[in-house]
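So the structure is just underneath, and the comments pick up after that.
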Amino acid sequence: MEFETEADSTDKSQPFEIKTEDITEHDDKPRPYLCTVCDKRFMQKGHLDVHTRTHEITYSCIECKESFPSQKALSKHKNIHTGKYKCTECGKCCKDSSDLARHRRSHSGEKPFECSVCSKRFTEAGNLAKHSRIHSAEKPYKCHMCEKAFSVSGDLSRHMKVHTRDKPYKCHVCDKAFSEPRNVNRHMRVHTGNKPYKCHMCDKAFSRSETLNTHMRVHTGDRPYKCSLCNKTFSQSSHLRSHKRYVHSNIRPYHCPYCGKRFATTSLLNLHVLRTRAKPYSCRHCSECFGRPDQLKTHLLKSHNEGTWLVCNTYE
């Protein structure tokens, strides 16, 4: 095995170390072996195997039980609980100064990174780099198993699970399996009811920091998700997706099992079904529903001029 040969040539008394140049992503050397946890790539499988073991050692936060792959990552996370890097405008706590600086741009509206092709601006350099691939059609992240390529490393990581299907970490309560140990700890809050992330403005508590961050927009009025078609803004990305599908798209994937009518969102479908169950006779021209067939016939005559009017002749 190639890796064993290299290991034999090193000093047995010293731990095997991966050379820095083996994991650098800024040159053209082929690195077919991908770590599905952190997206680092390696030229040799043996180096990947050694690197993978670093993820097996985890450091847990005593506050929220979330796990991290290194002591450094845990130390940064603890700053969220201590409030060392706290936003003075909304109270959000960040893990370090750079994270806080990025967050502050959500209040100031500052977007210092500009695309040289279309002049679109971004709050973070990483987002600009991802956007630039739209123009270049560059897909630098390649799967070594099926040769699919992606423009974003996160997309490749999600794709790799199609091949590995590796979920070695199981919940001891319900046997649900996860690909990373920190996801097990996060999932356990479903069973324990632990909600370590508390809002300092209304005392609501949440099991995940992401949910707390989303909740804070109730207080700040922040609506970062903007519709590109009508400029309407939303506090959550899911609300923006529903808006686009309902207002700007003719796609209506949800259909009523009683009358076959189609809807853009599940909430509209559920509302319709509630009405239809009590009033099973629905009009095929509009959304009206009726409890009796004669009521439907009357509606069709009056509103849609469908059917035959009953004419009574009076003789003197």
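Following the order of the structure tokens, first chain is A, next is B, and so on, with residues numbered from 1 inside each chain and ligands from 1 in the order they appear.
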
- For Thr123 in chain A, please output as a list in words all residues within 10 Å (counting only C-alpha atoms; exclusion window: fewer than 2 positions along the same chain).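 Listed by chain and then number, they are Ala101, Arg102, His103, Arg104, Arg105, Ser106, Gly109, Glu110, Lys111, Pro112, Phe113, Glu114, Arg121, Ala125, Gly126, Asn127 and Leu128 of chain A.
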
For the residues in that selection, give me N, CA and C atoms as a compact mmCIF listing (two decimals), in the first residue's frame.
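Writing done, so here's again28.txt:
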```txt
# COMPACT_ATOMS: atom_id res chain seq x y z
N ALA A 101 -17.82 41.11 12.58
CA ALA A 101 -17.70 42.12 11.53
C ALA A 101 -18.60 41.80 10.35
N ARG A 102 -18.66 40.51 9.99
CA ARG A 102 -19.55 40.10 8.90
C ARG A 102 -21.00 40.34 9.28
N HIS A 103 -21.35 40.01 10.52
CA HIS A 103 -22.73 40.19 10.97
C HIS A 103 -23.14 41.66 10.96
N ARG A 104 -22.23 42.55 11.37
CA ARG A 104 -22.57 43.98 11.44
C ARG A 104 -22.95 44.56 10.07
N ARG A 105 -22.45 43.93 9.02
CA ARG A 105 -22.82 44.40 7.68
C ARG A 105 -24.29 44.18 7.38
N SER A 106 -24.93 43.25 8.11
CA SER A 106 -26.37 43.04 7.90
C SER A 106 -27.16 44.23 8.40
N GLY A 109 -25.69 47.45 5.94
CA GLY A 109 -25.94 47.32 4.50
C GLY A 109 -24.68 47.39 3.67
N GLU A 110 -23.52 47.41 4.33
CA GLU A 110 -22.25 47.51 3.62
C GLU A 110 -21.98 46.24 2.83
N LYS A 111 -21.61 46.40 1.56
CA LYS A 111 -21.25 45.28 0.69
C LYS A 111 -19.95 45.63 -0.02
N PRO A 112 -18.82 45.37 0.63
CA PRO A 112 -17.54 45.85 0.07
C PRO A 112 -16.98 45.03 -1.08
N PHE A 113 -17.56 43.87 -1.37
CA PHE A 113 -17.01 43.00 -2.40
C PHE A 113 -17.87 43.06 -3.66
N GLU A 114 -17.28 43.56 -4.76
CA GLU A 114 -18.04 43.80 -5.99
C GLU A 114 -17.59 42.88 -7.12
N ARG A 121 -22.82 43.33 -5.68
CA ARG A 121 -21.99 43.47 -4.50
C ARG A 121 -22.39 42.46 -3.42
N ALA A 125 -16.36 37.95 1.00
CA ALA A 125 -15.53 37.59 -0.14
C ALA A 125 -15.89 36.20 -0.66
N GLY A 126 -16.23 35.30 0.26
CA GLY A 126 -16.59 33.94 -0.15
C GLY A 126 -17.83 33.91 -1.03
N ASN A 127 -18.81 34.75 -0.71
CA ASN A 127 -20.02 34.81 -1.52
C ASN A 127 -19.73 35.37 -2.90
N LEU A 128 -18.80 36.32 -2.99
CA LEU A 128 -18.39 36.85 -4.29
C LEU A 128 -17.71 35.77 -5.12
```

- Item | Distance query range 240-251 of chain A at most 12 Å, only C-alpha atoms, self and fewer than 6 positions along chain excluded, as a ChimeraX atom specification | /A:223-234,262-269

Any chance you could export the current selection's N, CA and C atoms as a short mmCIF file (atom, residue, chain, number, x, y, z; two decimals), in the first residue's frame?
```
data_model
loop_
_atom_site.label_atom_id
_atom_site.label_comp_id
_atom_site.auth_asym_id
_atom_site.auth_seq_id
_atom_site.Cartn_x
_atom_site.Cartn_y
_atom_site.Cartn_z
N ARG A 223 -35.07 41.81 7.31
CA ARG A 223 -35.67 40.97 6.26
C ARG A 223 -34.64 40.82 5.13
N PRO A 224 -33.68 39.91 5.33
CA PRO A 224 -32.54 39.84 4.40
C PRO A 224 -32.83 39.14 3.07
N TYR A 225 -33.97 38.48 2.94
CA TYR A 225 -34.24 37.73 1.73
C TYR A 225 -35.16 38.54 0.81
N LYS A 226 -34.61 38.95 -0.34
CA LYS A 226 -35.30 39.86 -1.24
C LYS A 226 -35.69 39.15 -2.52
N CYS A 227 -36.93 39.33 -2.94
CA CYS A 227 -37.42 38.74 -4.19
C CYS A 227 -36.83 39.52 -5.37
N SER A 228 -36.19 38.81 -6.28
CA SER A 228 -35.55 39.45 -7.42
C SER A 228 -36.56 39.92 -8.47
N LEU A 229 -37.83 39.51 -8.32
CA LEU A 229 -38.85 39.85 -9.32
C LEU A 229 -39.70 41.04 -8.90
N CYS A 230 -39.93 41.21 -7.60
CA CYS A 230 -40.78 42.32 -7.17
C CYS A 230 -40.20 43.12 -6.01
N ASN A 231 -38.97 42.76 -5.56
CA ASN A 231 -38.26 43.46 -4.48
C ASN A 231 -38.91 43.33 -3.11
N LYS A 232 -39.90 42.47 -2.96
CA LYS A 232 -40.49 42.23 -1.65
C LYS A 232 -39.47 41.49 -0.79
N THR A 233 -39.43 41.80 0.50
CA THR A 233 -38.43 41.19 1.38
C THR A 233 -39.08 40.29 2.43
N PHE A 234 -38.28 39.32 2.93
CA PHE A 234 -38.78 38.33 3.87
C PHE A 234 -37.72 38.05 4.93
N ARG A 262 -55.46 22.29 -7.99
CA ARG A 262 -54.05 22.37 -7.66
C ARG A 262 -53.72 23.70 -6.97
N PHE A 263 -52.70 23.65 -6.09
CA PHE A 263 -52.31 24.82 -5.32
C PHE A 263 -50.79 24.95 -5.28
N ALA A 264 -50.33 26.20 -5.07
CA ALA A 264 -48.90 26.48 -5.07
C ALA A 264 -48.23 26.13 -3.75
N THR A 265 -48.97 26.19 -2.65
CA THR A 265 -48.39 25.92 -1.33
C THR A 265 -49.26 24.93 -0.56
N THR A 266 -48.65 24.26 0.41
CA THR A 266 -49.38 23.29 1.22
C THR A 266 -50.41 23.98 2.11
N SER A 267 -50.12 25.21 2.56
CA SER A 267 -51.07 25.91 3.43
C SER A 267 -52.37 26.23 2.68
N LEU A 268 -52.25 26.62 1.42
CA LEU A 268 -53.45 26.88 0.62
C LEU A 268 -54.22 25.60 0.36
N LEU A 269 -53.49 24.51 0.12
CA LEU A 269 -54.15 23.22 -0.09
C LEU A 269 -54.90 22.79 1.17
#
```

- Would you mind listing what lies within 7 Å of Cys171 in chain A as a PyMOL selection string, with only C-alpha atoms counted and same-chain residues fewer than 5 positions away left out? chain A and resi 176-177+184

- Item | range 161-290 of chain A: residues DSSP assigns to alpha helix (DSSP H), reported as a VMD selection string | chain A and resid 161 to 164 181 to 192 209 to 215 217 to 220 237 to 243 266 to 278

Any chance you can output those residues with C-alpha atoms as a PDB file, in the first residue's frame?
```
ATOM      1  CA  LYS A 161     -23.124  11.002   0.786  1.00  0.00           C
ATOM      2  CA  VAL A 162     -24.881   9.451  -2.246  1.00  0.00           C
ATOM      3  CA  HIS A 163     -21.841   7.206  -2.648  1.00  0.00           C
ATOM      4  CA  THR A 164     -20.840   6.610   0.957  1.00  0.00           C
ATOM      5  CA  PRO A 181     -21.193  13.288  15.960  1.00  0.00           C
ATOM      6  CA  ARG A 182     -22.183  16.939  16.512  1.00  0.00           C
ATOM      7  CA  ASN A 183     -25.453  16.263  14.682  1.00  0.00           C
ATOM      8  CA  VAL A 184     -26.243  13.514  17.208  1.00  0.00           C
ATOM      9  CA  ASN A 185     -25.737  15.942  20.102  1.00  0.00           C
ATOM     10  CA  ARG A 186     -27.953  18.497  18.400  1.00  0.00           C
ATOM     11  CA  HIS A 187     -30.614  15.848  17.738  1.00  0.00           C
ATOM     12  CA  MET A 188     -30.607  14.734  21.402  1.00  0.00           C
ATOM     13  CA  ARG A 189     -32.261  18.018  22.357  1.00  0.00           C
ATOM     14  CA  VAL A 190     -35.427  16.652  20.729  1.00  0.00           C
ATOM     15  CA  HIS A 191     -35.538  14.041  23.493  1.00  0.00           C
ATOM     16  CA  THR A 192     -34.167  16.098  26.402  1.00  0.00           C
ATOM     17  CA  SER A 209     -28.453  28.788  17.468  1.00  0.00           C
ATOM     18  CA  GLU A 210     -29.709  29.136  13.882  1.00  0.00           C
ATOM     19  CA  THR A 211     -33.302  29.219  15.126  1.00  0.00           C
ATOM     20  CA  LEU A 212     -32.424  31.923  17.650  1.00  0.00           C
ATOM     21  CA  ASN A 213     -30.771  34.007  14.920  1.00  0.00           C
ATOM     22  CA  THR A 214     -33.898  33.717  12.780  1.00  0.00           C
ATOM     23  CA  HIS A 215     -36.093  34.628  15.761  1.00  0.00           C
ATOM     24  CA  ARG A 217     -35.421  39.258  13.198  1.00  0.00           C
ATOM     25  CA  VAL A 218     -38.778  39.577  14.984  1.00  0.00           C
ATOM     26  CA  HIS A 219     -37.145  42.209  17.187  1.00  0.00           C
ATOM     27  CA  THR A 220     -34.764  43.809  14.671  1.00  0.00           C
ATOM     28  CA  SER A 237     -35.675  31.993   2.981  1.00  0.00           C
ATOM     29  CA  SER A 238     -38.597  29.528   3.096  1.00  0.00           C
ATOM     30  CA  HIS A 239     -41.043  32.447   3.003  1.00  0.00           C
ATOM     31  CA  LEU A 240     -39.278  33.811  -0.073  1.00  0.00           C
ATOM     32  CA  ARG A 241     -39.502  30.433  -1.822  1.00  0.00           C
ATOM     33  CA  SER A 242     -43.225  30.178  -1.069  1.00  0.00           C
ATOM     34  CA  HIS A 243     -43.763  33.743  -2.311  1.00  0.00           C
ATOM     35  CA  THR A 266     -49.383  23.291   1.222  1.00  0.00           C
ATOM     36  CA  SER A 267     -51.070  25.910   3.428  1.00  0.00           C
ATOM     37  CA  LEU A 268     -53.455  26.882   0.623  1.00  0.00           C
ATOM     38  CA  LEU A 269     -54.149  23.218  -0.087  1.00  0.00           C
ATOM     39  CA  ASN A 270     -54.875  22.481   3.586  1.00  0.00           C
ATOM     40  CA  LEU A 271     -57.259  25.432   3.796  1.00  0.00           C
ATOM     41  CA  HIS A 272     -59.054  24.231   0.689  1.00  0.00           C
ATOM     42  CA  VAL A 273     -59.278  20.633   1.968  1.00  0.00           C
ATOM     43  CA  LEU A 274     -60.821  21.785   5.254  1.00  0.00           C
ATOM     44  CA  ARG A 275     -63.530  23.589   3.333  1.00  0.00           C
ATOM     45  CA  THR A 276     -64.005  20.758   0.871  1.00  0.00           C
ATOM     46  CA  ARG A 277     -64.479  18.097   3.556  1.00  0.00           C
ATOM     47  CA  ALA A 278     -67.420  20.021   4.974  1.00  0.00           C
TER      48      ALA A 278
END
```

- Task: Going by DSSP on the backbone, which bits of range 68-283 of chain A are strand (DSSP E)? Write them as a VMD selection string, please.
- Result: chain A and resid 68 85 to 86 93 to 94 113 to 114 121 to 122 141 to 142 149 to 150 169 to 170 177 to 178 197 to 198 205 to 206 225 to 226 233 to 234 254 to 255 262 to 263 281 to 282

- Item | Atomic separation - CA of Lys130 in chain A relative to CA of Lys148 in chain A, Å |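 So the two atoms, CA of Lys148 in chain A and CA of Lys130 in chain A, lie 17.6 Å apart.
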
- In Å, with one decimal, what is the gap from CA of Cys143 in chain A to CA of Phe122 in chain A?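 Pair CA of Cys143 in chain A / CA of Phe122 in chain A returns 28.3 Å.
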
- Task: Figure out the distance between CA of Arg53 in chain A and CA of Cys35 in chain A, please, to one decimal in Å.
- Result: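 Interatomic distance here is 10.7 Å.
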
- Query: Between A:Pro280, A:Ser157, A:Lys302, A:Lys261, which one has atoms that come closest to Lys40 in chain A, using only C-alpha atoms?
  - Reply: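 Among the listed residues, A:Ser157 lies closest to Lys40 in chain A.
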
- Message: Neighbouring residues of Lys78 in chain A were defined as those with any atom within 9 Å, considering only C-alpha atoms; residues of the same chain fewer than 4 positions away were excluded. Please report them as a list of chain:residue names.
- Response: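 These residues fall inside the cut-off: A:Cys61, A:Glu63, A:Ala73, A:Leu74, A:Thr82, A:Gly83, A:Lys84, A:Lys95.
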